[in-house]
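Asks: Provided below: structure.txt, containing compact mmCIF, C-alpha atoms.
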```txt
# COMPACT_ATOMS: atom_id res chain seq x y z
CA MET A 1 34.82 67.04 -103.65
CA SER A 2 37.11 66.43 -106.60
CA SER A 3 34.33 67.31 -109.07
CA ILE A 4 34.00 70.72 -107.43
CA LEU A 5 37.75 71.16 -107.70
CA ILE A 6 37.66 70.19 -111.37
CA ALA A 7 34.87 72.70 -111.94
CA ILE A 8 36.81 75.47 -110.22
CA VAL A 9 39.99 74.62 -112.09
CA LEU A 10 38.11 74.50 -115.40
CA LEU A 11 36.46 77.87 -114.87
CA ALA A 12 39.73 79.42 -113.77
CA THR A 13 41.51 77.96 -116.80
CA LEU A 14 38.81 79.20 -119.13
CA ALA A 15 38.99 82.64 -117.54
CA ILE A 16 42.78 82.73 -117.90
CA ILE A 17 42.65 81.61 -121.53
CA PHE A 18 39.94 84.13 -122.39
CA GLY A 19 41.81 86.85 -120.51
CA ALA A 20 44.94 85.98 -122.46
CA ILE A 21 43.03 86.16 -125.75
CA LEU A 22 41.61 89.58 -124.87
CA GLY A 23 44.99 90.78 -123.62
CA PHE A 24 46.64 89.61 -126.83
CA ALA A 25 43.92 91.30 -128.87
CA ALA A 26 44.34 94.54 -126.95
CA VAL A 27 48.04 94.59 -127.85
CA ARG A 28 47.69 93.19 -131.37
CA PHE A 29 44.81 95.43 -132.39
CA LYS A 30 45.99 98.58 -130.69
CA VAL A 31 44.71 101.56 -132.66
CA GLU A 32 47.24 104.29 -133.36
CA GLY A 33 45.51 107.60 -132.88
CA ASN A 34 41.82 108.07 -133.26
CA PRO A 35 40.57 107.44 -136.82
CA ILE A 36 37.63 109.77 -136.25
CA VAL A 37 40.08 112.67 -135.70
CA ASP A 38 41.45 112.18 -139.21
CA GLN A 39 37.96 112.20 -140.69
CA ILE A 40 37.06 115.41 -138.83
CA ASP A 41 40.38 116.98 -139.80
CA HIS A 42 39.66 116.10 -143.42
CA LEU A 43 36.40 118.08 -143.29
CA LEU A 44 37.97 121.20 -141.76
CA PRO A 45 39.16 123.82 -144.25
CA GLN A 46 42.88 123.55 -143.26
CA THR A 47 43.39 127.29 -143.06
CA GLN A 48 45.22 126.73 -139.75
CA CYS A 49 43.87 130.14 -138.76
CA GLY A 50 43.26 129.44 -135.08
CA GLN A 51 39.98 131.37 -134.99
CA CYS A 52 38.43 128.42 -133.17
CA SER A 53 40.88 129.19 -130.31
CA TYR A 54 42.85 126.02 -131.06
CA PRO A 55 46.32 126.26 -132.59
CA GLY A 56 45.25 124.68 -135.87
CA CYS A 57 42.78 122.44 -137.62
CA LYS A 58 44.17 119.16 -136.28
CA PRO A 59 44.00 120.22 -132.60
CA TYR A 60 40.44 121.44 -133.19
CA ALA A 61 39.61 118.09 -134.81
CA GLU A 62 40.94 116.33 -131.71
CA ALA A 63 38.88 118.64 -129.51
CA ILE A 64 35.74 117.91 -131.56
CA ALA A 65 36.38 114.20 -131.19
CA ASN A 66 36.46 114.78 -127.44
CA GLY A 67 33.16 116.61 -127.42
CA GLU A 68 33.98 120.22 -128.38
CA LYS A 69 31.28 122.16 -130.25
CA ILE A 70 31.37 121.93 -134.04
CA ASN A 71 30.38 125.53 -134.77
CA LYS A 72 33.68 127.34 -134.14
CA CYS A 73 35.13 127.34 -137.63
CA PRO A 74 34.35 130.59 -139.51
CA PRO A 75 36.45 129.78 -142.60
CA GLY A 76 34.55 126.54 -143.06
CA GLY A 77 31.20 128.18 -142.46
CA GLU A 78 27.86 126.48 -142.62
CA SER A 79 28.79 123.76 -145.09
CA THR A 80 31.55 122.53 -142.78
CA ILE A 81 29.23 122.54 -139.78
CA ILE A 82 26.65 120.53 -141.69
CA ALA A 83 29.27 118.07 -142.92
CA LEU A 84 30.59 117.66 -139.36
CA ALA A 85 27.09 117.23 -137.95
CA ASP A 86 26.44 114.58 -140.56
CA LEU A 87 29.66 112.73 -139.73
CA LEU A 88 29.17 112.84 -135.97
CA GLY A 89 25.42 112.32 -135.96
CA VAL A 90 24.65 115.53 -134.03
CA GLU A 91 22.38 118.45 -134.78
CA PRO A 92 23.93 121.23 -136.88
CA GLU A 93 24.16 124.56 -135.02
CA PRO A 94 24.58 128.08 -136.35
CA LEU A 95 28.12 129.44 -136.48
CA ASP A 96 29.34 130.74 -133.11
CA ALA A 97 29.66 134.51 -133.63
CA GLU A 98 32.30 134.72 -130.90
CA HIS A 99 34.83 133.19 -133.27
CA GLY A 100 34.05 135.43 -136.23
CA ALA A 101 31.58 135.49 -139.07
CA GLU A 102 31.63 133.52 -142.26
CA LYS A 103 32.83 135.60 -145.17
CA ASP A 104 30.90 135.85 -148.40
CA GLY A 105 33.65 134.62 -150.61
CA PRO A 106 37.32 133.74 -150.49
CA MET A 107 39.52 136.65 -149.26
CA VAL A 108 43.23 137.26 -149.43
CA ALA A 109 45.45 139.59 -147.45
CA PHE A 110 46.86 142.54 -149.36
CA ILE A 111 49.80 144.60 -148.05
CA ARG A 112 49.84 148.27 -149.07
CA GLU A 113 53.49 148.11 -149.94
CA ASP A 114 54.47 151.78 -149.76
CA GLU A 115 53.24 151.93 -146.14
CA CYS A 116 54.99 148.71 -145.02
CA ILE A 117 57.88 149.37 -142.61
CA GLY A 118 59.34 145.86 -142.82
CA CYS A 119 58.75 144.81 -139.20
CA THR A 120 58.24 141.09 -140.03
CA LYS A 121 55.42 140.81 -137.47
CA CYS A 122 52.92 139.64 -140.07
CA ILE A 123 55.39 137.04 -141.33
CA GLN A 124 55.57 135.54 -137.84
CA ALA A 125 51.79 135.58 -137.53
CA CYS A 126 51.12 133.79 -140.82
CA PRO A 127 50.37 130.13 -140.12
CA ILE A 128 51.13 128.95 -143.65
CA ASP A 129 54.14 131.15 -144.57
CA ALA A 130 52.30 132.98 -147.31
CA ILE A 131 54.05 136.33 -146.64
CA MET A 132 57.44 137.02 -148.13
CA GLY A 133 59.86 139.69 -146.95
CA ALA A 134 62.79 140.43 -144.66
CA ALA A 135 63.51 142.86 -141.83
CA LYS A 136 63.39 146.51 -142.99
CA GLN A 137 62.35 145.27 -146.43
CA MET A 138 58.94 145.54 -147.97
CA HIS A 139 56.68 142.46 -147.43
CA THR A 140 54.19 140.98 -149.79
CA VAL A 141 51.56 138.25 -149.78
CA ILE A 142 51.68 135.21 -152.03
CA ILE A 143 48.08 135.27 -153.18
CA ASP A 144 47.99 131.64 -154.25
CA GLU A 145 49.05 130.52 -150.77
CA CYS A 146 46.98 132.90 -148.65
CA THR A 147 43.97 131.25 -147.00
CA GLY A 148 42.40 134.57 -145.93
CA CYS A 149 42.56 133.79 -142.22
CA ASP A 150 42.94 137.42 -140.97
CA LEU A 151 45.74 136.54 -138.54
CA CYS A 152 48.23 138.98 -140.09
CA VAL A 153 45.90 141.99 -139.85
CA GLU A 154 46.02 142.29 -136.07
CA PRO A 155 49.83 142.34 -135.51
CA CYS A 156 50.60 144.98 -138.17
CA PRO A 157 51.77 148.13 -136.30
CA VAL A 158 50.93 150.47 -139.21
CA ASP A 159 47.69 148.78 -140.29
CA CYS A 160 48.77 148.42 -143.84
CA ILE A 161 47.16 145.03 -144.42
CA ASP A 162 43.71 144.83 -145.99
CA MET A 163 41.55 141.79 -146.56
CA VAL A 164 40.33 141.96 -150.13
CA PRO A 165 37.93 139.59 -151.85
CA ILE A 166 39.33 137.63 -154.74
CA ALA A 167 37.69 139.08 -157.81
CA THR A 168 36.16 136.51 -160.10
CA THR A 169 37.72 136.89 -163.49
CA LEU A 170 37.46 134.90 -166.67
CA GLN A 171 40.71 133.21 -165.66
CA ASN A 172 39.74 131.93 -162.22
CA TRP A 173 36.00 131.38 -162.59
CA HIS A 174 34.88 127.76 -162.42
CA TRP A 175 31.73 125.75 -161.97
CA ASP A 176 30.71 125.04 -158.39
CA LYS A 177 32.05 121.71 -157.31
CA PRO A 178 29.30 119.09 -157.02
CA ASP A 179 30.35 118.37 -153.40
CA ASN A 180 29.68 121.96 -152.43
CA LEU A 181 26.29 121.90 -154.10
CA ILE A 182 25.27 118.90 -152.05
CA ALA A 183 26.70 120.33 -148.85
CA THR A 184 24.99 123.68 -149.13
CA THR A 185 21.67 122.86 -150.75
CA ALA A 186 20.72 119.21 -150.23
CA LYS A 187 21.79 118.66 -146.63
CA PRO A 188 20.00 121.53 -144.90
CA GLU A 189 16.71 120.19 -146.30
CA LYS A 190 17.50 116.81 -144.83
CA SER A 191 18.26 118.29 -141.43
CA LEU A 192 15.07 120.32 -141.52
CA GLU A 193 13.15 117.16 -142.29
CA GLN A 194 14.72 115.43 -139.30
CA ASN A 195 13.83 118.33 -137.05
CA HIS A 196 10.29 118.15 -138.29
CA GLU A 197 10.03 114.46 -137.53
CA GLN A 198 11.42 114.90 -134.05
CA GLY A 199 9.13 117.78 -133.38
CA VAL A 200 6.06 115.74 -134.20
CA HIS A 201 7.35 112.76 -132.32
CA MET B 1 20.17 69.54 -146.85
CA THR B 2 16.41 69.85 -146.32
CA ASP B 3 17.05 69.70 -142.59
CA TYR B 4 19.37 72.69 -142.79
CA LEU B 5 16.85 74.65 -144.84
CA LEU B 6 14.16 73.77 -142.34
CA ILE B 7 16.32 75.01 -139.47
CA LEU B 8 16.75 78.34 -141.24
CA VAL B 9 13.03 78.75 -141.99
CA SER B 10 12.16 77.63 -138.50
CA THR B 11 14.47 80.09 -136.74
CA ILE B 12 13.79 83.02 -139.06
CA LEU B 13 10.00 82.82 -139.30
CA VAL B 14 8.26 80.10 -137.31
CA ASN B 15 10.21 80.23 -134.07
CA ASN B 16 11.40 83.80 -134.47
CA PHE B 17 13.47 84.59 -131.41
CA VAL B 18 12.05 88.03 -130.78
CA LEU B 19 8.40 87.76 -131.65
CA VAL B 20 7.64 84.12 -130.87
CA GLN B 21 10.17 83.15 -128.20
CA PHE B 22 10.44 86.67 -126.71
CA LEU B 23 14.22 86.72 -126.46
CA GLY B 24 16.28 89.84 -127.12
CA LEU B 25 13.43 92.22 -126.43
CA CYS B 26 15.63 94.98 -124.97
CA PRO B 27 17.45 95.86 -128.21
CA PHE B 28 14.18 95.23 -130.07
CA MET B 29 12.48 98.05 -128.16
CA GLY B 30 15.56 100.13 -127.38
CA VAL B 31 17.42 100.46 -130.68
CA SER B 32 14.52 100.46 -133.12
CA ASN B 33 13.84 104.21 -133.14
CA LYS B 34 15.78 104.75 -136.34
CA LEU B 35 16.12 102.42 -139.30
CA GLU B 36 19.82 103.23 -139.57
CA THR B 37 20.69 102.20 -136.02
CA ALA B 38 18.44 99.15 -136.28
CA ILE B 39 20.40 97.98 -139.32
CA GLY B 40 23.68 98.56 -137.48
CA MET B 41 22.47 96.62 -134.47
CA SER B 42 21.19 93.81 -136.69
CA ALA B 43 24.50 93.50 -138.50
CA ALA B 44 26.47 93.44 -135.25
CA THR B 45 24.11 90.89 -133.71
CA THR B 46 24.24 88.64 -136.76
CA PHE B 47 28.00 88.58 -136.57
CA VAL B 48 28.23 87.96 -132.83
CA LEU B 49 25.34 85.49 -132.62
CA THR B 50 26.78 83.21 -135.30
CA LEU B 51 30.26 83.34 -133.83
CA ALA B 52 29.06 82.90 -130.26
CA SER B 53 26.91 79.86 -131.08
CA VAL B 54 29.93 78.22 -132.73
CA CYS B 55 32.26 79.00 -129.83
CA SER B 56 29.82 77.93 -127.15
CA TYR B 57 29.17 74.69 -129.02
CA LEU B 58 32.90 73.98 -129.08
CA VAL B 59 33.33 74.78 -125.38
CA TYR B 60 30.38 72.61 -124.43
CA THR B 61 31.27 69.62 -126.59
CA TYR B 62 35.01 69.53 -126.04
CA LEU B 63 35.36 70.84 -122.49
CA LEU B 64 32.19 70.52 -120.46
CA ILE B 65 30.95 67.10 -121.66
CA PRO B 66 34.28 65.23 -121.29
CA LEU B 67 34.70 66.66 -117.79
CA GLU B 68 31.04 66.02 -116.93
CA LEU B 69 30.49 69.64 -115.99
CA GLU B 70 27.36 70.29 -118.03
CA TYR B 71 25.88 72.29 -115.15
CA LEU B 72 28.48 75.01 -115.78
CA ARG B 73 27.12 75.76 -119.24
CA THR B 74 25.39 79.05 -118.45
CA ILE B 75 28.36 80.71 -116.76
CA SER B 76 30.85 79.43 -119.32
CA PHE B 77 28.64 80.55 -122.21
CA ILE B 78 28.40 84.02 -120.72
CA MET B 79 32.18 84.10 -120.55
CA VAL B 80 32.46 82.90 -124.14
CA ILE B 81 30.00 85.54 -125.37
CA ALA B 82 31.76 88.34 -123.50
CA VAL B 83 35.11 87.32 -124.97
CA VAL B 84 33.72 86.98 -128.50
CA VAL B 85 32.15 90.42 -128.27
CA GLY B 86 35.27 92.02 -126.78
CA PHE B 87 37.57 90.41 -129.30
CA THR B 88 35.30 91.31 -132.22
CA GLU B 89 35.13 94.91 -131.07
CA MET B 90 38.90 95.26 -130.91
CA ALA B 91 39.46 93.47 -134.21
CA ILE B 92 36.89 95.58 -136.05
CA ARG B 93 38.24 98.75 -134.54
CA LYS B 94 41.68 97.98 -135.90
CA THR B 95 40.79 96.52 -139.28
CA SER B 96 37.83 98.63 -140.36
CA PRO B 97 37.24 102.02 -138.73
CA LEU B 98 34.23 102.49 -140.99
CA LEU B 99 32.52 99.29 -139.81
CA TYR B 100 33.50 100.21 -136.26
CA ARG B 101 31.68 103.50 -136.62
CA VAL B 102 28.55 101.67 -137.74
CA LEU B 103 28.65 98.81 -135.25
CA GLY B 104 30.91 100.17 -132.50
CA ILE B 105 28.41 101.34 -129.92
CA PHE B 106 26.18 98.30 -130.45
CA LEU B 107 28.82 95.66 -129.81
CA PRO B 108 29.03 96.04 -126.01
CA LEU B 109 25.22 96.08 -125.89
CA ILE B 110 25.11 92.63 -127.47
CA THR B 111 26.93 91.10 -124.50
CA THR B 112 23.73 91.52 -122.53
CA ASN B 113 21.43 90.45 -125.37
CA CYS B 114 19.57 87.45 -123.99
CA ALA B 115 18.99 86.06 -127.49
CA VAL B 116 22.72 85.33 -127.75
CA LEU B 117 22.78 83.26 -124.57
CA GLY B 118 19.38 81.81 -125.49
CA VAL B 119 20.66 80.49 -128.81
CA ALA B 120 23.70 78.93 -127.16
CA LEU B 121 21.54 77.17 -124.56
CA LEU B 122 18.89 76.08 -127.07
CA ASN B 123 21.62 74.58 -129.24
CA ILE B 124 22.48 72.29 -126.32
CA LYS B 125 18.86 71.55 -125.53
CA ARG B 126 18.11 70.58 -129.12
CA ASP B 127 21.25 68.40 -129.41
CA ASN B 128 22.34 70.30 -132.52
CA SER B 129 25.40 69.13 -134.42
CA PHE B 130 28.20 71.55 -135.26
CA VAL B 131 26.79 72.65 -138.62
CA GLU B 132 23.29 72.76 -137.19
CA SER B 133 24.53 75.04 -134.40
CA ILE B 134 26.02 77.43 -136.91
CA LEU B 135 22.80 77.50 -138.93
CA TYR B 136 20.67 77.81 -135.83
CA GLY B 137 22.69 80.80 -134.63
CA PHE B 138 22.77 82.37 -138.08
CA GLY B 139 19.05 81.81 -138.65
CA ALA B 140 18.22 83.27 -135.26
CA ALA B 141 20.31 86.32 -136.10
CA ILE B 142 18.67 86.75 -139.51
CA GLY B 143 15.27 86.44 -137.86
CA PHE B 144 16.29 89.05 -135.31
CA SER B 145 17.54 91.37 -138.07
CA LEU B 146 14.39 90.92 -140.13
CA VAL B 147 12.15 91.80 -137.21
CA MET B 148 14.39 94.70 -136.13
CA VAL B 149 14.38 96.28 -139.58
CA LEU B 150 10.64 95.80 -140.06
CA PHE B 151 9.87 97.20 -136.63
CA ALA B 152 12.21 100.19 -137.01
CA ALA B 153 10.68 101.02 -140.39
CA MET B 154 7.22 100.91 -138.83
CA ARG B 155 8.26 103.06 -135.91
CA GLU B 156 9.70 105.66 -138.26
CA ARG B 157 6.33 105.82 -139.98
CA ILE B 158 4.46 105.92 -136.68
CA ALA B 159 6.65 108.79 -135.46
CA VAL B 160 5.12 111.08 -138.08
CA ALA B 161 1.61 109.62 -137.90
CA ASP B 162 -1.24 111.20 -136.01
CA VAL B 163 -1.29 108.94 -132.96
CA PRO B 164 -3.93 109.59 -130.27
CA LYS B 165 -2.35 111.18 -127.23
CA PRO B 166 -2.67 108.27 -124.75
CA PHE B 167 -0.91 105.94 -127.21
CA GLN B 168 2.01 108.18 -128.13
CA GLY B 169 5.62 107.07 -127.70
CA SER B 170 6.32 103.69 -126.15
CA ALA B 171 2.67 102.68 -125.87
CA ILE B 172 2.08 102.55 -129.62
CA ALA B 173 5.45 100.80 -130.03
CA MET B 174 4.34 98.08 -127.61
CA ILE B 175 1.03 97.69 -129.44
CA THR B 176 2.86 97.48 -132.77
CA ALA B 177 5.21 94.85 -131.36
CA GLY B 178 2.23 92.87 -130.10
CA LEU B 179 0.53 92.98 -133.50
CA MET B 180 3.78 91.93 -135.20
CA SER B 181 4.05 89.06 -132.76
CA LEU B 182 0.51 87.96 -133.61
CA ALA B 183 1.37 88.12 -137.29
CA PHE B 184 4.47 85.98 -136.78
CA LEU B 185 2.49 83.45 -134.77
CA GLY B 186 0.64 82.90 -138.04
CA PHE B 187 3.73 81.10 -139.34
CA THR B 188 3.22 78.34 -136.80
CA GLY B 189 2.45 75.15 -138.63
CA LEU B 190 4.26 76.29 -141.76
CA VAL B 191 6.95 73.72 -141.00
CA SER B 192 7.18 71.36 -138.09
CA ILE B 193 10.48 70.11 -136.79
```
Translate the structure of the given file into structure tokens.
Replies:
Amino acid sequence: MSSILIAIVLLATLAIIFGAILGFAAVRFKVEGNPIVDQIDHLLPQTQCGQCSYPGCKPYAEAIANGEKINKCPPGGESTIIALADLLGVEPEPLDAEHGAEKDGPMVAFIREDECIGCTKCIQACPIDAIMGAAKQMHTVIIDECTGCDLCVEPCPVDCIDMVPIATTLQNWHWDKPDNLIATTAKPEKSLEQNHEQGVH
Amino acid sequence: MTDYLLILVSTILVNNFVLVQFLGLCPFMGVSNKLETAIGMSAATTFVLTLASVCSYLVYTYLLIPLELEYLRTISFIMVIAVVVGFTEMAIRKTSPLLYRVLGIFLPLITTNCAVLGVALLNIKRDNSFVESILYGFGAAIGFSLVMVLFAAMRERIAVADVPKPFQGSAIAMITAGLMSLAFLGFTGLVSI
């Protein structure tokens, strides 16, 4: 009889000790935020344009971490989708046309200044404060800050904002970054290869 | 020293846990589709197996034997393994998000890996000392990893090979595993402990 009791007590004690260890670990090793969200956020272009229907890049990164599709970022385009697919281990998909098309090159907003009535609506729309101006005063875009997200075009009551491509001049031309080369040329081949293998399998 | 070396050779090659003793077959078949995941699983198993064989040795020697409760070894070892796995998962998640991404999904799977419990029980059966238990667990894990990586590499090749229709998929994998097992049986007699 007593040996059974000892056995029960021992198992209960072991269970309590182990439970305490796990409980302590759960508190001690609590993870602040989700590290994967930061990695996804790092890959997104940080235009904060909201074309993905989320208020910014970070909320979209959180949504992706929770299973949202990765093809809703037009500013990032194909290279971002491939990078995300690589990170998350999913198949890359073509850009969702519902959220806009990928532009050929970098664009900036340009305000035709003699038509501007100074309504400040574009200033409120700009997610990164790249438009300067005051009420009833002419507005203008800080080209270096503008991410080309299109958000100021829609609210303008007199349609005086154009999206213009940044012309490549001798001053701003540079070699393609090696990262971009890998993202746009090397990785699609890899994904094709994977598709091929799975198809045969 | 020679004894320790013999234990390693014995567990890795001669008495390989997967192909000779047929333990841990579920991850062997289940996670060997891709070399990458196989390596992740191997690394996670190596870690847990070594740690679990140490912990279960300690529990057995310092709790169960003094209290004469040797018959409780299976249930207490399962508890020990579950705690080691759970604790490891939380610790890795906090300290190294990168490692957690590689090993994360495999860690809970290891709880149900029979090789882990098998090593703990065989340690008792073979009357291993503390150091021998560590080596036995580590060797078993290395043997598991070796076989996993080899098998995954073969399956990746087979996936693109022209396999006759009746043998496609799991069937050819089973046949491959059987042939590998035969090959590993060839190590029998290499060393005798």
Asks: Identify all chain B residues at most 10 Å from chain A by counting all atoms listed in the file; ligands do not count. Present them as a PyMOL selection string.
Replies: chain B and resi 59+63-64+67-72+75-76+79-80+82-84+86-98+101+156-163+168-169
Asks: Take the residues from that selection and put them in a file with C-alpha atoms, as a PDB file, in the coordinates of the input.
Replies:
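The resulting file, result33.pdb, is reproduced below:
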```pdb
ATOM      1  CA  VAL B  59      33.330  74.780-125.380  1.00  0.00           C
ATOM      2  CA  LEU B  63      35.360  70.840-122.490  1.00  0.00           C
ATOM      3  CA  LEU B  64      32.190  70.520-120.460  1.00  0.00           C
ATOM      4  CA  LEU B  67      34.700  66.660-117.790  1.00  0.00           C
ATOM      5  CA  GLU B  68      31.040  66.020-116.930  1.00  0.00           C
ATOM      6  CA  LEU B  69      30.490  69.640-115.990  1.00  0.00           C
ATOM      7  CA  GLU B  70      27.360  70.290-118.030  1.00  0.00           C
ATOM      8  CA  TYR B  71      25.880  72.290-115.150  1.00  0.00           C
ATOM      9  CA  LEU B  72      28.480  75.010-115.780  1.00  0.00           C
ATOM     10  CA  ILE B  75      28.360  80.710-116.760  1.00  0.00           C
ATOM     11  CA  SER B  76      30.850  79.430-119.320  1.00  0.00           C
ATOM     12  CA  MET B  79      32.180  84.100-120.550  1.00  0.00           C
ATOM     13  CA  VAL B  80      32.460  82.900-124.140  1.00  0.00           C
ATOM     14  CA  ALA B  82      31.760  88.340-123.500  1.00  0.00           C
ATOM     15  CA  VAL B  83      35.110  87.320-124.970  1.00  0.00           C
ATOM     16  CA  VAL B  84      33.720  86.980-128.500  1.00  0.00           C
ATOM     17  CA  GLY B  86      35.270  92.020-126.780  1.00  0.00           C
ATOM     18  CA  PHE B  87      37.570  90.410-129.300  1.00  0.00           C
ATOM     19  CA  THR B  88      35.300  91.310-132.220  1.00  0.00           C
ATOM     20  CA  GLU B  89      35.130  94.910-131.070  1.00  0.00           C
ATOM     21  CA  MET B  90      38.900  95.260-130.910  1.00  0.00           C
ATOM     22  CA  ALA B  91      39.460  93.470-134.210  1.00  0.00           C
ATOM     23  CA  ILE B  92      36.890  95.580-136.050  1.00  0.00           C
ATOM     24  CA  ARG B  93      38.240  98.750-134.540  1.00  0.00           C
ATOM     25  CA  LYS B  94      41.680  97.980-135.900  1.00  0.00           C
ATOM     26  CA  THR B  95      40.790  96.520-139.280  1.00  0.00           C
ATOM     27  CA  SER B  96      37.830  98.630-140.360  1.00  0.00           C
ATOM     28  CA  PRO B  97      37.240 102.020-138.730  1.00  0.00           C
ATOM     29  CA  LEU B  98      34.230 102.490-140.990  1.00  0.00           C
ATOM     30  CA  ARG B 101      31.680 103.500-136.620  1.00  0.00           C
ATOM     31  CA  GLU B 156       9.700 105.660-138.260  1.00  0.00           C
ATOM     32  CA  ARG B 157       6.330 105.820-139.980  1.00  0.00           C
ATOM     33  CA  ILE B 158       4.460 105.920-136.680  1.00  0.00           C
ATOM     34  CA  ALA B 159       6.650 108.790-135.460  1.00  0.00           C
ATOM     35  CA  VAL B 160       5.120 111.080-138.080  1.00  0.00           C
ATOM     36  CA  ALA B 161       1.610 109.620-137.900  1.00  0.00           C
ATOM     37  CA  ASP B 162      -1.240 111.200-136.010  1.00  0.00           C
ATOM     38  CA  VAL B 163      -1.290 108.940-132.960  1.00  0.00           C
ATOM     39  CA  GLN B 168       2.010 108.180-128.130  1.00  0.00           C
ATOM     40  CA  GLY B 169       5.620 107.070-127.700  1.00  0.00           C
TER      41      GLY B 169
END
```
Asks: Please identify all polymer residues within 12 Å of Ala177 (chain B), counting all atoms listed in the file, omitting same-chain residues fewer than 3 positions from it, and present them as number ranges by chain.
Replies: B: 18-20, 22, 25, 28-29, 32, 147-148, 150-152, 154-155, 170-174, 180-184
Asks: Only C-alpha atoms, please: the residues just picked out, written as a short mmCIF file (atom, residue, chain, number, x, y, z; two decimals), keeping the file's coordinate frame.
Replies:
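File produced: selection31.cif:
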```cif
data_model
loop_
_atom_site.label_atom_id
_atom_site.label_comp_id
_atom_site.auth_asym_id
_atom_site.auth_seq_id
_atom_site.Cartn_x
_atom_site.Cartn_y
_atom_site.Cartn_z
CA VAL B 18 12.05 88.03 -130.78
CA LEU B 19 8.40 87.76 -131.65
CA VAL B 20 7.64 84.12 -130.87
CA PHE B 22 10.44 86.67 -126.71
CA LEU B 25 13.43 92.22 -126.43
CA PHE B 28 14.18 95.23 -130.07
CA MET B 29 12.48 98.05 -128.16
CA SER B 32 14.52 100.46 -133.12
CA VAL B 147 12.15 91.80 -137.21
CA MET B 148 14.39 94.70 -136.13
CA LEU B 150 10.64 95.80 -140.06
CA PHE B 151 9.87 97.20 -136.63
CA ALA B 152 12.21 100.19 -137.01
CA MET B 154 7.22 100.91 -138.83
CA ARG B 155 8.26 103.06 -135.91
CA SER B 170 6.32 103.69 -126.15
CA ALA B 171 2.67 102.68 -125.87
CA ILE B 172 2.08 102.55 -129.62
CA ALA B 173 5.45 100.80 -130.03
CA MET B 174 4.34 98.08 -127.61
CA MET B 180 3.78 91.93 -135.20
CA SER B 181 4.05 89.06 -132.76
CA LEU B 182 0.51 87.96 -133.61
CA ALA B 183 1.37 88.12 -137.29
CA PHE B 184 4.47 85.98 -136.78
#
```
Asks: Could you tell me how far CA of Thr46 (chain B) lies from CA of Tyr62 (chain B), in Å and to one decimal?
Replies: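 One can read the CA of Thr46 (chain B) to CA of Tyr62 (chain B) distance as 24.4 Å.
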Asks: Neighbours of Cys156 (chain A) within 10 Å (all atoms listed in the file; same-chain residues fewer than 3 positions away dropped), as an MDAnalysis selection string?
Replies: chainID A and resid 111 116:123 125 151:153 159:161
Asks: Go ahead and compute the interatomic distance for CA of Arg73 (chain B) and CA of Thr61 (chain B), in Å to one decimal.
Replies: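 CA of Thr61 (chain B) lies at a distance of 10.4 Å from CA of Arg73 (chain B).
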Asks: I'd like the neighbourhood of Leu51 (chain B) as a count of residues only, where a residue qualifies if any of its atoms comes within 10 Å (using all atoms listed in the file), though same-chain residues fewer than 4 positions away should be ignored.
Replies: 15
Asks: Name the residues in contact with Phe110 (chain A) at a cut-off of 9 Å, using only C-alpha atoms, excluding same-chain residues fewer than 4 positions from it; report them as a PyMOL selection string.
Replies: chain A and resi 140-141+143+160-164
Asks: Which residues come within 12 Å of Glu68 (chain A), counting only C-alpha atoms, excluding same-chain residues fewer than 3 positions away, as a PyMOL selection string?
Replies: chain A and resi 40+52-54+59-65+71-73+84+88+90
Asks: In Å to one decimal, how far is CA of Thr111 (chain B) from CA of Thr11 (chain B)?
Replies: 20.6 Å
Asks: Using all atoms listed in the file, collect all residues at a distance of at most 10 Å from (48.0, 133.8, -149.2) as written in the file, then present them as a short mmCIF file (atom, residue, chain, number, x, y, z; two decimals) with C-alpha atoms, in the frame of the given file.
Replies:
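Ended up saving to point.cif:
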```cif
data_model
loop_
_atom_site.label_atom_id
_atom_site.label_comp_id
_atom_site.auth_asym_id
_atom_site.auth_seq_id
_atom_site.Cartn_x
_atom_site.Cartn_y
_atom_site.Cartn_z
CA MET A 107 39.52 136.65 -149.26
CA VAL A 108 43.23 137.26 -149.43
CA ALA A 109 45.45 139.59 -147.45
CA PHE A 110 46.86 142.54 -149.36
CA CYS A 126 51.12 133.79 -140.82
CA ILE A 128 51.13 128.95 -143.65
CA ASP A 129 54.14 131.15 -144.57
CA ALA A 130 52.30 132.98 -147.31
CA ILE A 131 54.05 136.33 -146.64
CA THR A 140 54.19 140.98 -149.79
CA VAL A 141 51.56 138.25 -149.78
CA ILE A 142 51.68 135.21 -152.03
CA ILE A 143 48.08 135.27 -153.18
CA ASP A 144 47.99 131.64 -154.25
CA GLU A 145 49.05 130.52 -150.77
CA CYS A 146 46.98 132.90 -148.65
CA THR A 147 43.97 131.25 -147.00
CA GLY A 148 42.40 134.57 -145.93
CA CYS A 149 42.56 133.79 -142.22
#
```
